[in-house]
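Chemist: Data file coords-v3.txt (compact mmCIF, C-alpha atoms and all ligand atoms) is appended below.
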```txt
# COMPACT_ATOMS: atom_id res chain seq x y z
CA MET A 1 101.18 100.68 117.25
CA LYS A 2 103.40 103.18 115.50
CA ILE A 3 103.91 104.65 112.06
CA ASN A 4 107.05 106.78 111.81
CA ASP A 5 107.29 106.88 115.61
CA ILE A 6 103.75 108.24 116.02
CA SER A 7 101.32 106.01 117.95
CA TYR A 8 98.01 105.31 116.24
CA ARG A 9 94.87 103.34 116.81
CA GLY A 10 92.68 102.15 113.93
CA VAL A 11 90.00 104.70 114.89
CA TRP A 12 89.95 107.65 117.27
CA LEU A 13 88.12 110.89 118.01
CA ASP A 14 89.46 114.09 116.53
CA ALA A 15 90.66 116.87 118.84
CA ASP A 16 87.24 118.51 118.32
CA GLY A 17 85.81 115.71 120.49
CA TRP A 18 83.16 114.52 118.03
CA SER A 19 84.39 113.84 114.50
CA VAL A 20 86.11 110.54 113.78
CA ARG A 21 89.60 109.90 112.43
CA ILE A 22 90.83 106.82 110.60
CA ILE A 23 93.90 105.84 108.62
CA ASP A 24 92.91 105.52 104.96
CA GLN A 25 94.03 101.96 104.22
CA THR A 26 93.43 102.33 100.49
CA ARG A 27 96.39 104.75 100.43
CA LEU A 28 98.83 102.59 102.39
CA PRO A 29 101.67 101.83 102.11
CA TRP A 30 102.35 104.77 99.81
CA SER A 31 100.99 107.54 102.00
CA VAL A 32 99.53 107.94 105.48
CA ASP A 33 96.29 109.86 105.02
CA ILE A 34 94.05 110.57 108.00
CA PRO A 35 90.55 111.47 106.77
CA ARG A 36 88.07 113.13 109.10
CA LEU A 37 84.63 111.51 109.09
CA VAL A 38 81.84 113.89 110.04
CA ASP A 39 78.61 111.97 109.47
CA CYS A 40 77.09 108.54 109.11
CA ALA A 41 77.39 108.62 105.31
CA ASP A 42 81.15 109.27 105.59
CA VAL A 43 81.51 106.26 107.85
CA ALA A 44 79.40 104.00 105.62
CA ARG A 45 81.49 105.04 102.62
CA ALA A 46 84.77 104.47 104.48
CA ILE A 47 83.71 100.91 105.32
CA THR A 48 82.30 100.07 101.89
CA THR A 49 85.34 101.38 100.03
CA MET A 50 87.64 99.68 102.55
CA GLN A 51 89.36 102.83 103.73
CA VAL A 52 88.82 100.95 106.97
CA ARG A 53 88.69 97.17 106.88
CA GLY A 54 89.30 94.14 109.06
CA ALA A 55 86.49 92.64 111.09
CA PRO A 56 87.14 94.17 114.53
CA LEU A 57 87.94 97.59 113.12
CA ILE A 58 84.81 97.92 110.99
CA GLY A 59 82.75 97.06 114.07
CA ALA A 60 84.36 99.82 116.12
CA VAL A 61 84.18 102.35 113.28
CA ALA A 62 80.50 101.56 112.68
CA ALA A 63 79.83 102.17 116.39
CA TYR A 64 81.32 105.65 116.00
CA GLY A 65 79.27 106.03 112.82
CA LEU A 66 76.11 105.53 114.82
CA ALA A 67 77.29 108.15 117.31
CA LEU A 68 77.77 110.60 114.43
CA ALA A 69 74.33 109.70 113.11
CA LEU A 70 72.66 110.36 116.45
CA ARG A 71 74.38 113.70 116.71
CA ALA A 72 72.42 114.72 113.61
CA ASP A 73 69.11 113.03 114.42
CA ALA A 74 68.47 110.89 117.50
CA SER A 75 64.84 109.98 116.78
CA ASP A 76 63.83 106.30 116.82
CA ALA A 77 63.22 106.26 113.08
CA ALA A 78 66.56 107.85 112.20
CA MET A 79 68.45 105.59 114.59
CA GLN A 80 66.96 102.45 113.04
CA ARG A 81 67.56 103.73 109.51
CA ASP A 82 71.20 104.67 110.15
CA ALA A 83 71.92 101.48 112.07
CA ALA A 84 70.58 99.49 109.10
CA LEU A 85 72.66 101.56 106.67
CA LEU A 86 75.85 100.87 108.63
CA ALA A 87 75.08 97.19 109.15
CA ALA A 88 74.64 96.72 105.39
CA THR A 89 78.05 98.10 104.43
CA ARG A 90 79.79 94.70 104.47
CA PRO A 91 78.07 91.35 104.92
CA THR A 92 80.62 88.76 106.05
CA ALA A 93 82.32 90.10 109.19
CA ILE A 94 79.96 89.54 112.12
CA ASN A 95 81.71 92.20 114.21
CA LEU A 96 79.77 94.82 112.30
CA ALA A 97 76.35 93.44 113.22
CA TRP A 98 77.62 92.70 116.73
CA ALA A 99 78.76 96.31 117.30
CA ILE A 100 75.55 97.82 115.92
CA GLY A 101 73.47 95.40 118.01
CA ARG A 102 75.39 96.31 121.16
CA MET A 103 74.97 100.01 120.46
CA LEU A 104 71.22 99.69 119.87
CA ALA A 105 70.78 97.66 123.05
CA VAL A 106 72.30 100.52 125.05
CA LEU A 107 70.57 103.33 123.16
CA ARG A 108 67.09 102.00 122.44
CA ASP A 109 65.48 102.87 125.77
CA LEU A 110 67.22 106.21 126.27
CA PRO A 111 65.48 109.51 125.56
CA ALA A 112 66.59 110.98 122.24
CA SER A 113 68.37 113.83 124.02
CA ALA A 114 70.71 111.41 125.82
CA ARG A 115 71.50 109.12 122.90
CA ALA A 116 74.43 110.85 121.18
CA ASP A 117 76.53 111.16 124.36
CA ALA A 118 75.75 107.57 125.33
CA ALA A 119 76.68 106.40 121.83
CA TYR A 120 80.09 108.06 121.95
CA ALA A 121 80.74 106.52 125.36
CA GLU A 122 79.71 103.04 124.18
CA ALA A 123 81.75 103.30 120.97
CA GLY A 124 84.75 104.26 123.11
CA ARG A 125 84.20 101.19 125.29
CA ILE A 126 83.96 98.94 122.21
CA ALA A 127 87.25 100.35 120.93
CA ASP A 128 89.03 100.00 124.28
CA GLU A 129 87.77 96.45 124.75
CA ASP A 130 89.03 95.50 121.30
CA VAL A 131 92.51 96.69 122.24
CA ALA A 132 92.46 94.68 125.47
CA GLN A 133 91.11 91.56 123.75
CA ASN A 134 93.74 91.66 121.05
CA ALA A 135 96.51 92.18 123.59
CA ALA A 136 95.23 89.07 125.40
CA ILE A 137 95.19 87.13 122.10
CA GLY A 138 98.87 88.05 121.81
CA ASP A 139 99.52 86.58 125.27
CA HIS A 140 97.61 83.38 124.54
CA GLY A 141 99.17 82.87 121.12
CA LEU A 142 102.73 83.46 122.32
CA PRO A 143 103.22 79.97 123.86
CA LEU A 144 102.54 78.37 120.46
CA ILE A 145 105.47 80.29 119.02
CA GLU A 146 107.65 79.80 122.11
CA ALA A 147 107.18 76.02 121.90
CA ILE A 148 108.40 75.93 118.31
CA ALA A 149 111.28 78.29 119.10
CA ALA A 150 112.39 76.00 121.93
CA ARG A 151 112.47 73.09 119.48
CA ARG A 152 114.12 74.62 116.45
CA GLY A 153 115.20 78.22 117.07
CA LYS A 154 113.86 80.43 114.28
CA VAL A 155 110.09 80.17 113.79
CA ARG A 156 108.66 80.48 110.26
CA ILE A 157 105.03 81.63 110.29
CA LEU A 158 102.72 82.06 107.32
CA THR A 159 99.81 84.51 107.46
CA HIS A 160 97.11 85.50 104.99
CA CYS A 161 95.53 88.91 104.35
CA ASN A 162 96.01 91.52 107.07
CA ALA A 163 94.98 90.59 110.58
CA GLY A 164 97.34 93.05 112.17
CA TRP A 165 96.81 96.25 114.09
CA LEU A 166 95.43 97.98 111.00
CA ALA A 167 92.55 95.48 110.96
CA THR A 168 91.65 96.16 114.60
CA VAL A 169 91.68 99.10 116.98
CA ASP A 170 95.17 98.00 118.02
CA TRP A 171 97.55 95.02 118.17
CA GLY A 172 95.76 92.87 115.59
CA THR A 173 94.61 89.29 115.99
CA ALA A 174 96.87 86.95 113.99
CA LEU A 175 99.78 89.37 114.26
CA ALA A 176 99.40 90.02 118.00
CA PRO A 177 101.26 86.81 119.02
CA ILE A 178 103.86 87.58 116.36
CA TYR A 179 104.50 91.05 117.79
CA ARG A 180 104.68 89.59 121.30
CA ALA A 181 107.16 86.92 120.20
CA HIS A 182 109.31 89.42 118.31
CA ASP A 183 109.34 91.75 121.31
CA ARG A 184 110.48 88.80 123.47
CA GLY A 185 113.47 88.33 121.19
CA ILE A 186 112.28 85.15 119.45
CA GLU A 187 113.74 84.85 115.97
CA LEU A 188 110.93 84.93 113.43
CA HIS A 189 110.39 84.87 109.73
CA VAL A 190 106.90 85.67 108.48
CA TRP A 191 105.70 84.54 105.07
CA VAL A 192 103.17 87.16 103.99
CA ASP A 193 100.62 86.02 101.40
CA GLU A 194 100.16 88.91 98.97
CA THR A 195 96.37 88.31 99.16
CA ARG A 196 95.02 89.16 95.77
CA PRO A 197 92.87 90.78 94.66
CA ARG A 198 93.28 93.69 97.10
CA ASN A 199 96.76 92.80 98.29
CA GLN A 200 96.16 93.37 101.99
CA GLY A 201 99.18 91.16 102.69
CA ALA A 202 101.57 92.86 100.28
CA ALA A 203 100.39 96.38 101.10
CA LEU A 204 99.35 96.27 104.76
CA THR A 205 100.86 93.27 106.56
CA ALA A 206 104.25 93.89 105.00
CA PHE A 207 103.97 97.58 105.96
CA GLU A 208 103.10 96.68 109.55
CA LEU A 209 105.81 94.05 109.96
CA ALA A 210 108.45 96.32 108.43
CA GLY A 211 107.35 99.11 110.77
CA HIS A 212 107.81 96.81 113.76
CA GLY A 213 111.09 95.34 112.51
CA VAL A 214 109.76 91.80 112.07
CA PRO A 215 111.65 89.84 109.37
CA HIS A 216 109.29 88.80 106.60
CA ALA A 217 108.93 88.12 102.88
CA VAL A 218 105.88 88.66 100.69
CA VAL A 219 104.99 85.58 98.65
CA ALA A 220 102.54 85.05 95.83
CA ASP A 221 99.29 83.56 97.09
CA ASN A 222 100.06 80.33 95.28
CA ALA A 223 103.41 79.80 97.02
CA GLY A 224 102.16 78.60 100.41
CA GLY A 225 101.63 74.95 99.45
CA HIS A 226 105.11 74.71 98.01
CA LEU A 227 106.68 76.31 101.09
CA MET A 228 104.84 73.91 103.38
CA GLN A 229 105.81 70.86 101.31
CA HIS A 230 109.45 71.87 101.63
CA GLY A 231 109.35 72.30 105.40
CA GLU A 232 109.60 76.10 105.26
CA VAL A 233 106.52 76.83 107.41
CA ASP A 234 106.29 75.88 111.10
CA LEU A 235 102.94 77.46 111.83
CA VAL A 236 100.09 79.24 110.06
CA ILE A 237 98.18 81.94 111.94
CA VAL A 238 95.30 83.81 110.30
CA GLY A 239 92.51 86.09 111.47
CA THR A 240 88.83 85.65 110.74
CA ASP A 241 85.68 87.58 109.92
CA ARG A 242 83.25 85.11 111.44
CA VAL A 243 83.59 81.87 113.39
CA THR A 244 80.55 79.66 113.77
CA ARG A 245 79.41 77.98 116.95
CA ARG A 246 81.04 74.74 115.80
CA GLY A 247 84.31 76.41 114.77
CA ASP A 248 84.04 76.91 111.01
CA VAL A 249 86.11 79.93 109.99
CA ALA A 250 85.28 82.58 107.37
CA ASN A 251 88.28 84.61 106.32
CA LYS A 252 89.76 86.34 103.29
CA ILE A 253 89.50 84.38 100.07
CA GLY A 254 92.35 81.89 99.81
CA THR A 255 92.46 80.99 103.50
CA TYR A 256 90.75 77.63 102.84
CA LEU A 257 93.44 76.63 100.33
CA LYS A 258 96.13 77.40 102.91
CA ALA A 259 94.29 75.30 105.47
CA LEU A 260 94.14 72.38 103.02
CA ALA A 261 97.84 72.66 102.30
CA ALA A 262 98.64 72.93 106.01
CA HIS A 263 96.53 69.84 106.76
CA ASP A 264 98.21 67.85 103.99
CA ASN A 265 101.65 68.78 105.27
CA GLY A 266 101.07 68.48 109.02
CA VAL A 267 101.56 72.21 109.61
CA PRO A 268 99.54 73.62 112.56
CA PHE A 269 96.84 76.01 111.33
CA TRP A 270 95.64 78.41 114.05
CA VAL A 271 92.99 81.13 113.88
CA ALA A 272 93.12 84.21 116.14
CA LEU A 273 89.94 86.08 117.03
CA PRO A 274 88.27 88.21 119.65
CA SER A 275 84.97 86.73 120.84
CA THR A 276 83.19 89.55 118.99
CA THR A 277 83.93 87.53 115.83
CA ILE A 278 81.96 84.47 116.97
CA ASP A 279 78.50 84.08 115.46
CA TRP A 280 76.73 81.96 118.07
CA GLN A 281 73.62 81.74 115.86
CA VAL A 282 75.29 79.86 113.04
CA ASP A 283 76.70 76.31 112.90
CA ASP A 284 77.50 75.48 109.29
CA GLY A 285 79.77 78.17 107.94
CA ILE A 286 79.70 76.97 104.35
CA SER A 287 75.94 77.20 103.91
CA GLU A 288 75.11 79.92 106.45
CA ILE A 289 77.76 82.65 106.24
CA PRO A 290 77.06 85.28 103.55
CA ILE A 291 80.10 85.73 101.33
CA GLU A 292 80.70 89.24 100.09
CA GLN A 293 80.95 89.54 96.31
CA ARG A 294 83.00 92.58 95.38
CA ALA A 295 83.56 94.49 92.16
CA ALA A 296 85.14 92.72 89.19
CA GLU A 297 87.57 95.65 88.85
CA GLU A 298 89.41 94.43 91.94
CA VAL A 299 90.37 91.35 89.91
CA THR A 300 90.79 92.91 86.48
CA HIS A 301 93.03 95.71 87.75
CA VAL A 302 96.05 96.01 90.03
CA SER A 303 97.23 99.21 91.62
CA GLY A 304 100.75 100.10 92.69
CA LEU A 305 103.52 102.68 92.70
CA ALA A 306 104.76 103.28 89.17
CA ASP A 307 108.40 104.07 88.49
CA ASP A 308 107.52 107.75 88.09
CA GLY A 309 106.38 107.82 91.74
CA VAL A 310 102.66 107.97 90.96
CA VAL A 311 100.21 105.37 92.26
CA ARG A 312 98.43 103.94 89.24
CA SER A 313 95.94 101.22 88.52
CA VAL A 314 96.62 98.98 85.52
CA ARG A 315 94.49 96.37 83.83
CA VAL A 316 95.82 92.79 83.99
CA VAL A 317 92.89 90.94 82.36
CA PRO A 318 91.93 91.22 78.67
CA PRO A 319 89.04 93.69 78.23
CA GLY A 320 86.72 90.97 76.89
CA SER A 321 87.08 88.66 79.92
CA PRO A 322 84.63 89.04 82.78
CA ALA A 323 85.83 88.46 86.36
CA ALA A 324 84.22 87.13 89.54
CA ASN A 325 85.29 88.27 92.98
CA PRO A 326 84.12 86.28 96.03
CA ALA A 327 85.95 88.05 98.87
CA PHE A 328 85.88 85.37 101.59
CA ASP A 329 85.87 81.62 101.96
CA VAL A 330 85.04 79.22 104.76
CA THR A 331 87.53 76.79 106.27
CA PRO A 332 85.75 73.87 107.95
CA ALA A 333 86.58 73.37 111.62
CA ARG A 334 88.18 69.98 110.87
CA LEU A 335 91.08 71.78 109.15
CA VAL A 336 91.68 74.19 112.03
CA SER A 337 94.22 73.15 114.69
CA GLY A 338 92.74 75.56 117.20
CA LEU A 339 91.42 79.01 118.01
CA ILE A 340 93.25 81.73 119.93
CA THR A 341 90.85 84.01 121.78
CA GLU A 342 91.12 86.62 124.52
CA ARG A 343 90.18 83.92 127.05
CA GLY A 344 92.75 81.40 125.88
CA ARG A 345 93.15 78.71 123.22
CA CYS A 346 90.61 76.06 122.39
CA ALA A 347 89.68 73.43 119.83
CA ALA A 348 87.71 74.63 116.82
CA SER A 349 84.52 72.94 117.96
CA ALA A 350 81.37 73.71 119.89
CA ALA A 351 82.82 71.98 122.95
CA GLY A 352 86.05 73.95 122.65
CA LEU A 353 84.32 77.31 122.30
CA LEU A 354 81.79 76.61 125.03
CA GLY A 355 84.65 75.59 127.32
CA LEU A 356 85.97 79.14 127.07
CA PHE A 357 82.57 80.86 126.83
CA PRO A 358 80.26 78.76 129.05
CA GLU A 359 77.75 81.61 129.26
CA ARG A 360 76.83 80.79 125.63
CA GLY A 361 75.77 77.24 126.43
O1 LIG B 1 88.25 92.38 103.28
P1 LIG B 1 89.05 92.67 104.51
O2 LIG B 1 90.39 93.25 104.24
O3 LIG B 1 88.25 93.46 105.51
O4 LIG B 1 89.29 91.23 105.14
C1 LIG B 1 89.99 91.14 106.35
C2 LIG B 1 90.29 89.76 106.75
O5 LIG B 1 89.93 88.82 106.08
C3 LIG B 1 90.98 89.59 108.05
O6 LIG B 1 91.74 88.41 108.06
C4 LIG B 1 89.93 89.48 109.16
O7 LIG B 1 89.05 90.57 109.11
C5 LIG B 1 90.52 89.41 110.49
S1 LIG B 1 91.04 91.00 111.02
C6 LIG B 1 91.78 90.96 112.49
```
Re-express the file's structure as structure tokens.
Ligand code: MRU
Modeler:
Amino acid sequence: MKINDISYRGVWLDADGWSVRIIDQTRLPWSVDIPRLVDCADVARAITTMQVRGAPLIGAVAAYGLALALRADASDAAMQRDAALLAATRPTAINLAWAIGRMLAVLRDLPASARADAAYAEAGRIADEDVAQNAAIGDHGLPLIEAIAARRGKVRILTHCNAGWLATVDWGTALAPIYRAHDRGIELHVWVDETRPRNQGAALTAFELAGHGVPHAVVADNAGGHLMQHGEVDLVIVGTDRVTRRGDVANKIGTYLKALAAHDNGVPFWVALPSTTIDWQVDDGISEIPIEQRAAEEVTHVSGLADDGVVRSVRVVPPGSPAANPAFDVTPARLVSGLITERGRCAASAAGLLGLFPERG
């Protein structure tokens, strides 16, 4: 996808052929900074600080992080240490563990001298596959939007957090069908949840949609229920960080409340994901998915562009009040209308998922 007419992916190799480039998402939408990551520690820091974020993207970036690590030291001990370091950067999105696991499976039995080259090649495949999977999610999600458009013309879609191209290597998950529909000429209006505390909706989804010319409005996180009650939302589409075998969905904090409101108001609630986001080992998302707890400062402070043109962080909570910051929640499968994957759509259930992925049975 493009920023200012320049095509970008979420991660790519620098012209030097070995260092790794990302878009620093902590600086968007105010500036487009492209840091150069030169070692495993750089990559771990970029993921932890959320310079890169979004489940599919952190998987692909971590894969490149392992390639950088092996460039420095490809011994068994170093590979295991650096893989563990990268895997520990964020706990909820399963794509991270999936990508590291896939890399290790390829690299483990290779001689140390062959590992770095093989790691770059595998990381490149992971990135390319993510692009193809997300493009296919766009194709499979499009008919949901087309059906509503055929019924009522303009389609009003609510989304939470950022599950767009910035959260993946390209296209996005929840936003992929939206981009497809917009490109087909379907009239859309996207309600963008601001997504406190880090404002991925206000800062990133709004930036993406504006860049692609998709009509949208940012709403406070608490507005979704009201909009649904008043018939202003035809469809909810969100991304996810981990889907369990039975279809429970972990996603950015606040997703569950939107699912409850959608259920109460008869609004379809769909979740878009590449299969790399499915955790086939886990059934009960509420008890089994680790929920990342992030710094209280993300709640006590808000950052934005001040009137003098400087990006500043300001405190919005009295100094004496502590804050808690669970970063994800789990929406039970019963509240999910269906899943949109690269292989098609299915019910949020074990039977639904196994219908599309029979090799996991
Ligand atoms: O904490 P973040 O910004 O990494 O959380 C991202 C989300 O919750 C996304 O919805 C999810 O990763 C899906 S990305 C295609």
Chemist: Using the file's own x, y and z axes, what box holds all listed atoms of range 223-236 of chain A with 5 Å on each side, keeping edges along x, y and z, and what are its centre and edge lengths in Å to one decimal, as JSON?
Modeler:
```
{"center_x": 104.8, "center_y": 75.3, "center_z": 104.4, "size_x": 19.5, "size_y": 18.9, "size_z": 24.8}
```
Chemist: Mind giving me the straight-line distance from CA of Val218 in chain A to CA of Ala136 in chain A in Å, one decimal?
Modeler: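 Distance reported for this atom pair: 26.9 Å.
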Chemist: Dump as JSON, numbers by chain all residues having an atom at most 9 Å from (85.8, 86.1, 120.2), computed in the file's coordinates with all atoms listed in the file.
Modeler: {"A": [133, 243, 272, 273, 274, 275, 276, 277, 278, 279, 340, 341, 342, 343]}
Chemist: Residues within 7 Å of ligand LIG 1 (chain B) should be enumerated using all atoms listed in the file and returned as a VMD selection string.
Modeler: chain A and resid 50 53 to 56 93 160 to 164 167 to 168 172 to 174 200 238 to 241 251 to 252 273 327 to 328
Chemist: Here's a test: counting only C-alpha atoms, identify every protein, DNA and RNA residue with an atom at most 12 Å from (90.9, 76.7, 124.4) in the file's coordinate frame, and state them as an MDAnalysis selection string.
Modeler: chainID A and resid 137 140:141 247 270:273 337:358
